[in-house]
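Undergrad: Structure file input-v9.json (JSON, C-alpha atoms) is given on the next line.
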```json
[["chain", "number", "residue", "atom", "x", "y", "z"],
["R", 1, "MET", "CA", 0.00, 0.00, 0.00],
["R", 2, "LYS", "CA", 1.35, 3.46, -0.95],
["R", 3, "MET", "CA", 1.97, 5.95, 1.79],
["R", 4, "THR", "CA", 0.59, 9.45, 1.25],
["R", 5, "LYS", "CA", 2.81, 12.47, 1.74],
["R", 6, "ALA", "CA", 0.99, 13.23, 5.01],
["R", 7, "SER", "CA", 1.52, 9.67, 6.23],
["R", 8, "ILE", "CA", 5.23, 9.85, 5.45],
["R", 9, "ILE", "CA", 5.55, 13.13, 7.33],
["R", 10, "LEU", "CA", 3.67, 11.69, 10.33],
["R", 11, "PHE", "CA", 5.79, 8.51, 10.32],
["R", 12, "THR", "CA", 8.99, 10.55, 10.11],
["R", 13, "ALA", "CA", 7.86, 12.78, 12.96],
["R", 14, "VAL", "CA", 7.06, 9.81, 15.21],
["R", 15, "ALA", "CA", 10.35, 8.09, 14.37],
["R", 16, "THR", "CA", 12.27, 11.30, 14.98],
["R", 17, "PHE", "CA", 10.51, 11.78, 18.33],
["R", 18, "TRP", "CA", 11.46, 8.26, 19.41],
["R", 19, "VAL", "CA", 15.10, 8.74, 18.39],
["R", 20, "PHE", "CA", 15.31, 11.99, 20.35],
["R", 21, "ALA", "CA", 13.58, 10.36, 23.33],
["R", 22, "CYS", "CA", 16.18, 7.60, 23.36],
["R", 23, "VAL", "CA", 19.03, 10.10, 23.01],
["R", 24, "ALA", "CA", 17.62, 12.14, 25.87],
["R", 25, "ALA", "CA", 17.36, 9.02, 28.02],
["R", 26, "ASN", "CA", 20.97, 8.10, 27.29],
["R", 27, "ALA", "CA", 22.09, 11.63, 28.09],
["R", 28, "ALA", "CA", 20.43, 11.34, 31.50],
["R", 29, "GLY", "CA", 22.19, 8.13, 32.39],
["R", 30, "GLY", "CA", 20.35, 5.89, 29.95],
["R", 31, "LEU", "CA", 17.20, 5.35, 32.01],
["R", 32, "ALA", "CA", 13.78, 6.96, 31.62],
["R", 33, "LEU", "CA", 10.31, 6.36, 33.01],
["R", 34, "ASN", "CA", 8.85, 6.49, 29.48],
["R", 35, "PHE", "CA", 11.53, 4.30, 27.89],
["R", 36, "TYR", "CA", 9.07, 1.61, 26.79],
["R", 37, "ASP", "CA", 6.08, 3.85, 26.10],
["R", 38, "MET", "CA", 6.35, 3.27, 22.35],
["R", 39, "PRO", "CA", 8.25, -0.01, 21.85],
["R", 40, "CYS", "CA", 6.54, -1.98, 24.64],
["R", 41, "PRO", "CA", 3.75, -0.21, 26.54],
["R", 42, "GLY", "CA", 2.40, -3.56, 27.75],
["R", 43, "VAL", "CA", 5.50, -4.44, 29.79],
["R", 44, "TYR", "CA", 4.10, -3.16, 33.09],
["R", 45, "SER", "CA", 0.83, -5.08, 32.95],
["R", 46, "ALA", "CA", 2.59, -8.23, 31.68],
["R", 47, "VAL", "CA", 5.05, -8.21, 34.58],
["R", 48, "GLY", "CA", 2.46, -7.09, 37.12],
["R", 49, "ASN", "CA", 0.08, -9.90, 36.21],
["R", 50, "VAL", "CA", 2.80, -12.53, 36.63],
["R", 51, "VAL", "CA", 3.95, -11.12, 39.96],
["R", 52, "GLY", "CA", 0.37, -10.91, 41.18],
["R", 53, "GLU", "CA", -0.24, -14.54, 40.30],
["R", 54, "TYR", "CA", 2.85, -15.85, 42.09],
["R", 55, "ILE", "CA", 2.89, -13.61, 45.18],
["R", 56, "SER", "CA", -0.83, -14.15, 45.86],
["R", 57, "LYS", "CA", -0.09, -17.88, 46.11],
["R", 58, "ALA", "CA", 3.33, -17.64, 47.78],
["R", 59, "PRO", "CA", 3.82, -14.27, 49.53],
["R", 60, "THR", "CA", 7.14, -15.40, 51.01],
["R", 61, "LEU", "CA", 8.63, -15.09, 47.50],
["R", 62, "ALA", "CA", 8.53, -11.29, 47.74],
["R", 63, "ALA", "CA", 11.55, -11.01, 50.05],
["R", 64, "PRO", "CA", 13.93, -13.18, 47.99],
["R", 65, "LEU", "CA", 12.87, -11.37, 44.80],
["R", 66, "LEU", "CA", 13.70, -8.03, 46.42],
["R", 67, "ARG", "CA", 16.98, -9.48, 47.68],
["R", 68, "MET", "CA", 17.75, -10.77, 44.18],
["R", 69, "HIS", "CA", 17.49, -7.22, 42.80],
["R", 70, "PHE", "CA", 19.79, -5.96, 45.57],
["R", 71, "HIS", "CA", 22.34, -8.71, 44.91],
["R", 72, "ASP", "CA", 22.21, -7.97, 41.20],
["R", 73, "CYS", "CA", 22.84, -4.23, 41.55],
["R", 74, "PHE", "CA", 25.69, -4.53, 44.06],
["R", 75, "VAL", "CA", 27.67, -6.86, 41.77],
["R", 76, "ARG", "CA", 28.52, -5.40, 38.34],
["R", 77, "GLY", "CA", 25.59, -3.01, 38.58],
["R", 78, "CYS", "CA", 21.93, -3.68, 37.76],
["R", 79, "ASP", "CA", 22.65, -5.78, 34.67],
["R", 80, "GLY", "CA", 20.86, -9.06, 35.39],
["R", 81, "SER", "CA", 24.15, -10.91, 35.90],
["R", 82, "VAL", "CA", 22.72, -12.64, 39.00],
["R", 83, "LEU", "CA", 20.21, -14.38, 36.73],
["R", 84, "LEU", "CA", 22.77, -16.14, 34.53],
["R", 85, "ASN", "CA", 23.41, -19.86, 34.91],
["R", 86, "SER", "CA", 26.91, -21.27, 35.25],
["R", 87, "THR", "CA", 28.47, -22.81, 32.14],
["R", 88, "LYS", "CA", 30.94, -25.66, 31.73],
["R", 89, "SER", "CA", 33.80, -23.18, 31.68],
["R", 90, "THR", "CA", 32.60, -20.49, 34.11],
["R", 91, "LYS", "CA", 30.82, -20.57, 37.46],
["R", 92, "ALA", "CA", 28.28, -17.72, 37.75],
["R", 93, "GLU", "CA", 27.16, -15.43, 40.59],
["R", 94, "LYS", "CA", 24.12, -17.64, 41.10],
["R", 95, "ASP", "CA", 26.43, -20.32, 42.56],
["R", 96, "ALA", "CA", 28.22, -17.99, 45.00],
["R", 97, "ILE", "CA", 27.62, -18.74, 48.70],
["R", 98, "PRO", "CA", 25.64, -15.50, 49.35],
["R", 99, "ASN", "CA", 23.32, -16.36, 46.46],
["R", 100, "LEU", "CA", 22.66, -20.03, 47.15],
["R", 101, "SER", "CA", 19.60, -19.12, 49.22],
["R", 102, "LEU", "CA", 18.13, -16.89, 46.50],
["R", 103, "ARG", "CA", 14.88, -18.17, 45.06],
["R", 104, "GLY", "CA", 12.21, -16.96, 42.71],
["R", 105, "PHE", "CA", 14.15, -17.27, 39.47],
["R", 106, "HIS", "CA", 11.11, -19.02, 38.00],
["R", 107, "VAL", "CA", 9.09, -15.85, 38.59],
["R", 108, "ILE", "CA", 11.61, -13.83, 36.57],
["R", 109, "ASP", "CA", 11.52, -16.43, 33.80],
["R", 110, "ALA", "CA", 7.71, -16.35, 33.75],
["R", 111, "ALA", "CA", 7.67, -12.54, 33.61],
["R", 112, "LYS", "CA", 10.21, -12.56, 30.78],
["R", 113, "ALA", "CA", 8.14, -15.10, 28.84],
["R", 114, "ALA", "CA", 5.01, -12.96, 29.29],
["R", 115, "VAL", "CA", 6.82, -9.84, 28.08],
["R", 116, "GLU", "CA", 8.32, -11.66, 25.09],
["R", 117, "LYS", "CA", 4.80, -12.54, 23.94],
["R", 118, "VAL", "CA", 3.85, -8.87, 23.96],
["R", 119, "CYS", "CA", 7.03, -7.39, 22.48],
["R", 120, "PRO", "CA", 9.82, -9.87, 21.70],
["R", 121, "GLY", "CA", 13.45, -8.82, 21.97],
["R", 122, "VAL", "CA", 12.72, -5.39, 23.49],
["R", 123, "VAL", "CA", 12.80, -5.54, 27.30],
["R", 124, "SER", "CA", 15.92, -6.60, 29.23],
["R", 125, "CYS", "CA", 15.98, -9.11, 32.05],
["R", 126, "ALA", "CA", 17.59, -6.42, 34.23],
["R", 127, "ASP", "CA", 14.55, -4.18, 33.75],
["R", 128, "ILE", "CA", 12.18, -7.07, 34.40],
["R", 129, "LEU", "CA", 13.97, -7.92, 37.67],
["R", 130, "ALA", "CA", 13.68, -4.28, 38.81],
["R", 131, "LEU", "CA", 9.94, -4.28, 38.06],
["R", 132, "VAL", "CA", 9.34, -7.66, 39.70],
["R", 133, "ALA", "CA", 11.04, -6.51, 42.92],
["R", 134, "ARG", "CA", 8.92, -3.34, 43.04],
["R", 135, "ASP", "CA", 5.64, -5.11, 42.33],
["R", 136, "ALA", "CA", 6.37, -7.92, 44.82],
["R", 137, "VAL", "CA", 7.04, -5.46, 47.65],
["R", 138, "HIS", "CA", 3.92, -3.48, 46.80],
["R", 139, "MET", "CA", 1.82, -6.64, 47.02],
["R", 140, "LEU", "CA", 2.92, -7.07, 50.65],
["R", 141, "GLY", "CA", 1.68, -3.58, 51.48],
["R", 142, "GLY", "CA", 4.94, -1.80, 50.68],
["R", 143, "PRO", "CA", 5.50, 1.38, 48.67],
["R", 144, "PHE", "CA", 5.16, 1.69, 44.90],
["R", 145, "TRP", "CA", 8.23, 3.46, 43.53],
["R", 146, "ASN", "CA", 9.27, 4.73, 40.11],
["R", 147, "VAL", "CA", 11.36, 2.30, 38.08],
["R", 148, "PRO", "CA", 13.13, 4.15, 35.25],
["R", 149, "MET", "CA", 13.70, 1.73, 32.37],
["R", 150, "GLY", "CA", 16.38, 1.21, 29.74],
["R", 151, "ARG", "CA", 18.85, -1.18, 31.38],
["R", 152, "ARG", "CA", 20.61, -3.69, 29.17],
["R", 153, "ASP", "CA", 21.73, -7.16, 30.17],
["R", 154, "GLY", "CA", 25.33, -8.00, 31.01],
["R", 155, "VAL", "CA", 27.11, -10.98, 29.51],
["R", 156, "VAL", "CA", 29.54, -11.67, 32.38],
["R", 157, "SER", "CA", 28.80, -13.38, 35.71],
["R", 158, "ILE", "CA", 31.62, -14.53, 38.01],
["R", 159, "GLN", "CA", 31.08, -16.75, 41.04],
["R", 160, "ASN", "CA", 33.56, -15.15, 43.44],
["R", 161, "GLU", "CA", 32.48, -11.53, 42.95],
["R", 162, "PRO", "CA", 29.45, -11.57, 45.30],
["R", 163, "LEU", "CA", 31.75, -12.59, 48.16],
["R", 164, "THR", "CA", 33.64, -9.31, 47.88],
["R", 165, "LYS", "CA", 30.87, -7.03, 46.62],
["R", 166, "LEU", "CA", 27.95, -7.89, 48.92],
["R", 167, "PRO", "CA", 27.87, -6.88, 52.60],
["R", 168, "PRO", "CA", 27.76, -10.02, 54.75],
["R", 169, "PRO", "CA", 25.31, -10.35, 57.66],
["R", 170, "THR", "CA", 28.34, -10.19, 59.97],
["R", 171, "ALA", "CA", 29.45, -6.76, 58.70],
["R", 172, "ASN", "CA", 30.23, -3.96, 61.11],
["R", 173, "PHE", "CA", 29.23, -0.39, 60.32],
["R", 174, "THR", "CA", 32.55, 0.59, 58.74],
["R", 175, "GLN", "CA", 32.26, -2.31, 56.31],
["R", 176, "LEU", "CA", 28.63, -1.51, 55.53],
["R", 177, "ARG", "CA", 29.33, 2.15, 54.87],
["R", 178, "SER", "CA", 32.25, 1.27, 52.61],
["R", 179, "VAL", "CA", 30.23, -1.16, 50.47],
["R", 180, "PHE", "CA", 27.30, 1.22, 50.10],
["R", 181, "ALA", "CA", 29.56, 4.20, 49.36],
["R", 182, "SER", "CA", 31.30, 2.24, 46.63],
["R", 183, "ASN", "CA", 27.90, 2.01, 44.94],
["R", 184, "GLY", "CA", 27.07, 5.69, 45.32],
["R", 185, "LEU", "CA", 24.76, 5.18, 48.29],
["R", 186, "ASP", "CA", 24.98, 7.18, 51.53],
["R", 187, "VAL", "CA", 24.30, 6.38, 55.18],
["R", 188, "LYS", "CA", 20.62, 7.21, 54.87],
["R", 189, "ASP", "CA", 20.30, 4.79, 51.93],
["R", 190, "LEU", "CA", 22.09, 2.16, 54.03],
["R", 191, "VAL", "CA", 19.63, 2.49, 56.92],
["R", 192, "VAL", "CA", 16.57, 2.73, 54.68],
["R", 193, "LEU", "CA", 17.48, -0.24, 52.47],
["R", 194, "SER", "CA", 18.29, -2.30, 55.57],
["R", 195, "GLY", "CA", 14.60, -1.86, 56.32],
["R", 196, "ALA", "CA", 13.97, -4.49, 53.64],
["R", 197, "HIS", "CA", 14.64, -6.95, 56.47],
["R", 198, "THR", "CA", 11.07, -6.25, 57.55],
["R", 199, "ILE", "CA", 10.09, -9.12, 55.24],
["R", 200, "GLY", "CA", 11.62, -12.54, 54.72],
["R", 201, "THR", "CA", 13.46, -15.27, 56.57],
["R", 202, "SER", "CA", 17.03, -16.34, 57.22],
["R", 203, "HIS", "CA", 18.91, -19.56, 57.86],
["R", 204, "CYS", "CA", 20.36, -19.89, 61.35],
["R", 205, "THR", "CA", 23.87, -20.04, 59.89],
["R", 206, "SER", "CA", 23.69, -16.32, 59.06],
["R", 207, "PHE", "CA", 23.58, -15.30, 62.72],
["R", 208, "SER", "CA", 24.34, -18.38, 64.89],
["R", 209, "ASN", "CA", 27.77, -17.00, 65.79],
["R", 210, "ARG", "CA", 25.93, -14.29, 67.73],
["R", 211, "LEU", "CA", 24.32, -17.00, 69.85],
["R", 212, "TYR", "CA", 27.13, -19.45, 70.48],
["R", 213, "ASN", "CA", 30.59, -18.26, 69.52],
["R", 214, "PHE", "CA", 30.74, -14.53, 68.98],
["R", 215, "THR", "CA", 34.42, -13.97, 69.79],
["R", 216, "GLY", "CA", 35.59, -17.57, 69.46],
["R", 217, "ASN", "CA", 35.21, -18.28, 73.17],
["R", 218, "GLY", "CA", 31.73, -19.80, 73.18],
["R", 219, "ASP", "CA", 30.14, -16.48, 74.11],
["R", 220, "MET", "CA", 27.09, -14.52, 72.94],
["R", 221, "ASP", "CA", 27.00, -11.17, 71.16],
["R", 222, "PRO", "CA", 26.48, -8.63, 73.98],
["R", 223, "SER", "CA", 24.64, -6.30, 71.59],
["R", 224, "LEU", "CA", 21.84, -8.86, 71.15],
["R", 225, "ASP", "CA", 18.88, -8.71, 73.54],
["R", 226, "LYS", "CA", 19.22, -11.65, 75.94],
["R", 227, "ASN", "CA", 15.56, -12.63, 75.84],
["R", 228, "TYR", "CA", 15.55, -12.61, 72.05],
["R", 229, "ALA", "CA", 18.76, -14.64, 72.03],
["R", 230, "ALA", "CA", 17.10, -17.22, 74.27],
["R", 231, "GLU", "CA", 14.18, -17.48, 71.83],
["R", 232, "LEU", "CA", 16.54, -17.92, 68.90],
["R", 233, "LYS", "CA", 18.51, -20.64, 70.70],
["R", 234, "ILE", "CA", 15.33, -22.70, 71.00],
["R", 235, "LYS", "CA", 14.94, -22.62, 67.22],
["R", 236, "CYS", "CA", 18.60, -22.67, 66.18],
["R", 237, "LYS", "CA", 20.85, -25.29, 67.71],
["R", 238, "PRO", "CA", 24.65, -25.24, 67.19],
["R", 239, "ASN", "CA", 25.67, -26.19, 63.65],
["R", 240, "ASP", "CA", 22.07, -26.04, 62.42],
["R", 241, "ASN", "CA", 22.27, -25.53, 58.65],
["R", 242, "ASN", "CA", 18.64, -26.07, 57.76],
["R", 243, "THR", "CA", 16.30, -24.15, 60.08],
["R", 244, "ILE", "CA", 14.99, -20.77, 58.97],
["R", 245, "VAL", "CA", 13.58, -18.02, 61.17],
["R", 246, "GLU", "CA", 11.61, -14.85, 60.52],
["R", 247, "MET", "CA", 13.74, -11.70, 60.20],
["R", 248, "ASP", "CA", 10.89, -9.57, 61.56],
["R", 249, "PRO", "CA", 9.07, -11.92, 63.98],
["R", 250, "GLY", "CA", 5.30, -11.77, 63.68],
["R", 251, "SER", "CA", 5.43, -9.37, 60.74],
["R", 252, "PHE", "CA", 7.66, -11.03, 58.17],
["R", 253, "ARG", "CA", 4.96, -11.12, 55.49],
["R", 254, "THR", "CA", 4.05, -7.46, 55.84],
["R", 255, "PHE", "CA", 6.20, -4.59, 54.63],
["R", 256, "ASP", "CA", 6.15, -2.13, 57.53],
["R", 257, "THR", "CA", 8.36, -0.15, 59.95],
["R", 258, "HIS", "CA", 8.53, -2.87, 62.61],
["R", 259, "TYR", "CA", 12.12, -3.68, 61.60],
["R", 260, "TYR", "CA", 13.29, -0.42, 63.18],
["R", 261, "VAL", "CA", 11.40, -1.22, 66.38],
["R", 262, "ASN", "CA", 13.35, -4.46, 66.54],
["R", 263, "VAL", "CA", 16.68, -2.76, 65.86],
["R", 264, "LYS", "CA", 16.05, -0.18, 68.58],
["R", 265, "LYS", "CA", 15.24, -2.98, 71.05],
["R", 266, "ARG", "CA", 18.49, -4.74, 70.10],
["R", 267, "ARG", "CA", 16.47, -7.46, 68.37],
["R", 268, "GLY", "CA", 17.88, -7.05, 64.88],
["R", 269, "LEU", "CA", 18.70, -10.55, 63.65],
["R", 270, "PHE", "CA", 22.09, -9.87, 62.07],
["R", 271, "GLN", "CA", 25.24, -8.15, 63.23],
["R", 272, "SER", "CA", 24.71, -5.78, 60.31],
["R", 273, "ASP", "CA", 21.35, -4.81, 61.85],
["R", 274, "ALA", "CA", 22.90, -4.18, 65.25],
["R", 275, "ALA", "CA", 25.64, -2.16, 63.55],
["R", 276, "LEU", "CA", 23.12, 0.58, 62.72],
["R", 277, "LEU", "CA", 23.17, 1.60, 66.39],
["R", 278, "THR", "CA", 26.96, 1.98, 66.47],
["R", 279, "ASP", "CA", 27.05, 5.09, 64.27],
["R", 280, "TYR", "CA", 25.55, 8.43, 65.27],
["R", 281, "ASP", "CA", 24.08, 9.30, 61.85],
["R", 282, "ALA", "CA", 22.75, 5.80, 61.25],
["R", 283, "GLU", "CA", 21.10, 5.64, 64.66],
["R", 284, "SER", "CA", 19.56, 9.05, 64.01],
["R", 285, "TYR", "CA", 17.94, 7.70, 60.86],
["R", 286, "VAL", "CA", 16.67, 4.67, 62.79],
["R", 287, "ASN", "CA", 15.09, 7.04, 65.31],
["R", 288, "THR", "CA", 13.60, 9.13, 62.51],
["R", 289, "GLU", "CA", 11.87, 6.11, 61.03],
["R", 290, "LEU", "CA", 10.53, 5.26, 64.49],
["R", 291, "GLN", "CA", 9.17, 8.73, 65.25],
["R", 292, "PHE", "CA", 8.07, 9.84, 61.81],
["R", 293, "PRO", "CA", 6.83, 7.06, 59.55],
["R", 294, "SER", "CA", 8.55, 8.35, 56.43],
["R", 295, "PHE", "CA", 9.98, 4.91, 55.70],
["R", 296, "PHE", "CA", 7.86, 4.23, 52.61],
["R", 297, "ALA", "CA", 8.79, 7.51, 50.93],
["R", 298, "ASP", "CA", 12.45, 7.09, 51.85],
["R", 299, "PHE", "CA", 12.50, 3.47, 50.69],
["R", 300, "ALA", "CA", 11.05, 4.46, 47.32],
["R", 301, "VAL", "CA", 13.77, 7.08, 46.83],
["R", 302, "SER", "CA", 16.60, 4.76, 47.85],
["R", 303, "MET", "CA", 15.32, 1.90, 45.69],
["R", 304, "GLU", "CA", 15.16, 4.12, 42.61],
["R", 305, "LYS", "CA", 18.67, 5.30, 43.42],
["R", 306, "MET", "CA", 19.92, 1.72, 43.86],
["R", 307, "GLY", "CA", 18.30, 0.72, 40.58],
["R", 308, "ARG", "CA", 20.63, 3.09, 38.72],
["R", 309, "ILE", "CA", 23.87, 1.50, 39.95],
["R", 310, "GLY", "CA", 26.27, 0.65, 37.13],
["R", 311, "VAL", "CA", 23.56, 0.22, 34.49],
["R", 312, "LEU", "CA", 24.40, -0.75, 30.92],
["R", 313, "THR", "CA", 22.61, 1.39, 28.35],
["R", 314, "GLY", "CA", 22.66, 2.26, 24.68],
["R", 315, "SER", "CA", 24.52, -0.40, 22.72],
["R", 316, "ALA", "CA", 26.28, -1.91, 25.76],
["R", 317, "GLY", "CA", 25.36, -5.44, 26.76],
["R", 318, "GLN", "CA", 22.38, -7.12, 25.11],
["R", 319, "ILE", "CA", 18.69, -7.92, 25.44],
["R", 320, "ARG", "CA", 18.70, -11.58, 26.46],
["R", 321, "LYS", "CA", 16.17, -13.92, 24.92],
["R", 322, "HIS", "CA", 16.20, -16.01, 28.11],
["R", 323, "CYS", "CA", 17.32, -14.52, 31.41],
["R", 324, "ALA", "CA", 19.47, -17.50, 32.44],
["R", 325, "PHE", "CA", 21.58, -17.50, 29.28],
["R", 326, "THR", "CA", 23.44, -15.00, 27.14],
["R", 327, "ASN", "CA", 22.39, -14.82, 23.50]]
```
Do you think you could lay out the structure here as structure tokens?
TA:
Amino acid sequence: MKMTKASIILFTAVATFWVFACVAANAAGGLALNFYDMPCPGVYSAVGNVVGEYISKAPTLAAPLLRMHFHDCFVRGCDGSVLLNSTKSTKAEKDAIPNLSLRGFHVIDAAKAAVEKVCPGVVSCADILALVARDAVHMLGGPFWNVPMGRRDGVVSIQNEPLTKLPPPTANFTQLRSVFASNGLDVKDLVVLSGAHTIGTSHCTSFSNRLYNFTGNGDMDPSLDKNYAAELKIKCKPNDNNTIVEMDPGSFRTFDTHYYVNVKKRRGLFQSDAALLTDYDAESYVNTELQFPSFFADFAVSMEKMGRIGVLTGSAGQIRKHCAFTN
């Protein structure tokens, strides 16, 4: 069918607009809220429907999906490298000790499949992971934050990098501040993002040293509330590698401010939680979240900020066809 002169002009105008929109997005760091408005407007409903289906049946998946996004961004930036499977020649991040307890990869795969049906080869796995994390938290009553789009997928994933890039649950405040600062995040971001521990569970091995052998002399961490320690000892015996406990007892399926109540009472599960009370600025932020429930607004800001760490944009990386494999 022949195009009229008016049609050609309209087509050229639309194409030119899209080119300039992409250039503008790249100039601003490569991410934009309207990045998929023209090439894939259905991405949000496709991802949201998948997340809704899974989280409504298994709400405990929300925490590991949020954690997966965090682990992705802190290692090589938010490039979906945590989603890649190991190959015969290279072990991937997924097989690193800090990531062995991650779960929910099937949710990412399902979301990717749903998006591919709507607009194949357009949306990256890194963007899908960022959306899944946001939607999962929101389904547990948490905030709904902006997720600028335009990330591209990395092609490298190395097993030993999470060990040096992710803050361990045993980290002191100096270590925490250093890791967050290396990713462009400040002390407020550190305290606010630690609030993600309001949902989810943990294996006893992540904190058992606080109960039985804190300094190597069979002692307990003095910064841990004694009554809470006694409760944990009932659940977690020495050398228990299998038992899991709630990170925010009684509220681990609801995204709320109760985490900070626990921290203030010296009932934070990890050493990294207790560490927030060892720094003046960090403790001030903990007190702020207790007195003025601004946590949701602050969490939204910090999550959007985290989602921009080390992103690949433009022609860098690729758009994977399947999130577990490079093209």
Undergrad: What's the separation between atom CA of R:Asn242 and atom CA of R:Ser202, in Å to one decimal place?
TA: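 Going from atom CA of R:Asn242 over to atom CA of R:Ser202, I get 9.9 Å.
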Undergrad: May I have the protein, DNA and RNA residues with any atom at most 12 Å from the point (23.4, -4.5, 24.5), counting all atoms listed in the file, written as a PyMOL selection string?
TA: chain R and resi 79+121-126+150-155+311-321+326-327
Undergrad: My list of candidates is R:Phe105, R:Gly142, R:Ile158, R:Ala130. Which is closest to R:Thr90 when distances are computed with all atoms listed in the file?
TA: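 Counting all atoms listed in the file, the residue closest to R:Thr90 is R:Ile158.
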Undergrad: Counting only C-alpha atoms, which of R:Lys91, R:His258, R:Arg267, R:Lys233 gets nearest to R:Glu161?
TA: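 Selected residue with least distance to R:Glu161: R:Lys91.
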Undergrad: What does the distance between atom CA of R:Pro293 and atom CA of R:Val192 come to in Å, to one decimal place?
TA: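 These atoms are spaced 11.7 Å apart.
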Undergrad: Please identify all polymer residues within 12 Å of R:Asp135, counting all atoms listed in the file, omitting same-chain residues fewer than 5 positions from it, and present them as a PyMOL selection string.
TA: chain R and resi 44-56+59+61-63+65-66+107+111+128-130+140-147
Undergrad: Taking into account all atoms listed in the file, which residue in the set R:Asn85, R:Thr243, R:Thr60, R:Asn227 is nearest to R:His322?
TA: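 Closest residue, counting all atoms listed in the file: R:Asn85.
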Undergrad: Excluding R:Met68 and any residue of its chain fewer than 3 positions from it, enumerate the residues within 10 Å of it, using only C-alpha atoms, and give them as number ranges by chain.
TA: R: 62-65, 71-73, 80, 82-83, 94, 99, 101-105, 129-130, 133
Undergrad: Store the residues picked out above in a file with C-alpha atoms, as a tab-separated table (two decimals), in the coordinates of the input.
TA:
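And here's again.tsv as it stands now:
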```tsv
chain	number	residue	atom	x	y	z
R	62	ALA	CA	8.53	-11.29	47.74
R	63	ALA	CA	11.55	-11.01	50.05
R	64	PRO	CA	13.93	-13.18	47.99
R	65	LEU	CA	12.87	-11.37	44.80
R	71	HIS	CA	22.34	-8.71	44.91
R	72	ASP	CA	22.21	-7.97	41.20
R	73	CYS	CA	22.84	-4.23	41.55
R	80	GLY	CA	20.86	-9.06	35.39
R	82	VAL	CA	22.72	-12.64	39.00
R	83	LEU	CA	20.21	-14.38	36.73
R	94	LYS	CA	24.12	-17.64	41.10
R	99	ASN	CA	23.32	-16.36	46.46
R	101	SER	CA	19.60	-19.12	49.22
R	102	LEU	CA	18.13	-16.89	46.50
R	103	ARG	CA	14.88	-18.17	45.06
R	104	GLY	CA	12.21	-16.96	42.71
R	105	PHE	CA	14.15	-17.27	39.47
R	129	LEU	CA	13.97	-7.92	37.67
R	130	ALA	CA	13.68	-4.28	38.81
R	133	ALA	CA	11.04	-6.51	42.92
```
Undergrad: Interatomic distance between atom CA of R:Pro98 and atom CA of R:Leu185?
TA: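 The value is 20.7 Å.
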Undergrad: Rank R:Phe299, R:Tyr212, R:Phe173, R:Phe252 by their smallest atom-to-atom distance to R:Asp279, using all atoms listed in the file, and report the top residue only.
TA: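 Result for the nearest residue to R:Asp279: R:Phe173.
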Undergrad: For R:Tyr228, please output as number ranges by chain all residues within 10 Å (counting only C-alpha atoms; exclusion window: fewer than 3 positions along the same chain).
TA: R: 224-225, 231-233, 265-269
Undergrad: Could you check the closest approach to R:Phe295 for each of R:Gln175, R:Ser194, R:Ser182, R:Thr170 and tell me which residue wins, using all atoms listed in the file?
TA: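 Closest candidate: R:Ser194.
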Undergrad: Please write a file for stretch 186-194 of chain R, taken from the block I just shared, that holds N, CA, C and O atoms and is laid out as an mmCIF file, in the first residue's frame.
TA:
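Saved to decode38.cif:
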```cif
data_model
loop_
_atom_site.group_PDB
_atom_site.id
_atom_site.type_symbol
_atom_site.label_atom_id
_atom_site.label_comp_id
_atom_site.auth_asym_id
_atom_site.auth_seq_id
_atom_site.Cartn_x
_atom_site.Cartn_y
_atom_site.Cartn_z
ATOM 1 N N ASP R 186 24.521 6.559 50.283
ATOM 2 C CA ASP R 186 24.985 7.178 51.527
ATOM 3 C C ASP R 186 24.433 6.447 52.750
ATOM 4 O O ASP R 186 23.764 5.408 52.639
ATOM 5 N N VAL R 187 24.702 7.021 53.918
ATOM 6 C CA VAL R 187 24.297 6.376 55.177
ATOM 7 C C VAL R 187 22.776 6.266 55.289
ATOM 8 O O VAL R 187 22.248 5.258 55.774
ATOM 9 N N LYS R 188 22.078 7.279 54.823
ATOM 10 C CA LYS R 188 20.620 7.206 54.866
ATOM 11 C C LYS R 188 20.122 6.049 53.999
ATOM 12 O O LYS R 188 19.236 5.290 54.412
ATOM 13 N N ASP R 189 20.676 5.910 52.798
ATOM 14 C CA ASP R 189 20.301 4.789 51.933
ATOM 15 C C ASP R 189 20.567 3.464 52.624
ATOM 16 O O ASP R 189 19.768 2.522 52.546
ATOM 17 N N LEU R 190 21.700 3.385 53.320
ATOM 18 C CA LEU R 190 22.087 2.162 54.030
ATOM 19 C C LEU R 190 21.015 1.774 55.051
ATOM 20 O O LEU R 190 20.564 0.627 55.097
ATOM 21 N N VAL R 191 20.625 2.757 55.865
ATOM 22 C CA VAL R 191 19.627 2.486 56.916
ATOM 23 C C VAL R 191 18.265 2.164 56.309
ATOM 24 O O VAL R 191 17.586 1.226 56.735
ATOM 25 N N VAL R 192 17.886 2.919 55.297
ATOM 26 C CA VAL R 192 16.570 2.729 54.677
ATOM 27 C C VAL R 192 16.485 1.385 53.966
ATOM 28 O O VAL R 192 15.499 0.649 54.114
ATOM 29 N N LEU R 193 17.506 1.028 53.198
ATOM 30 C CA LEU R 193 17.485 -0.239 52.471
ATOM 31 C C LEU R 193 17.615 -1.432 53.418
ATOM 32 O O LEU R 193 17.122 -2.522 53.112
ATOM 33 N N SER R 194 18.254 -1.239 54.566
ATOM 34 C CA SER R 194 18.293 -2.303 55.575
ATOM 35 C C SER R 194 16.892 -2.623 56.058
ATOM 36 O O SER R 194 16.613 -3.742 56.508
#
```
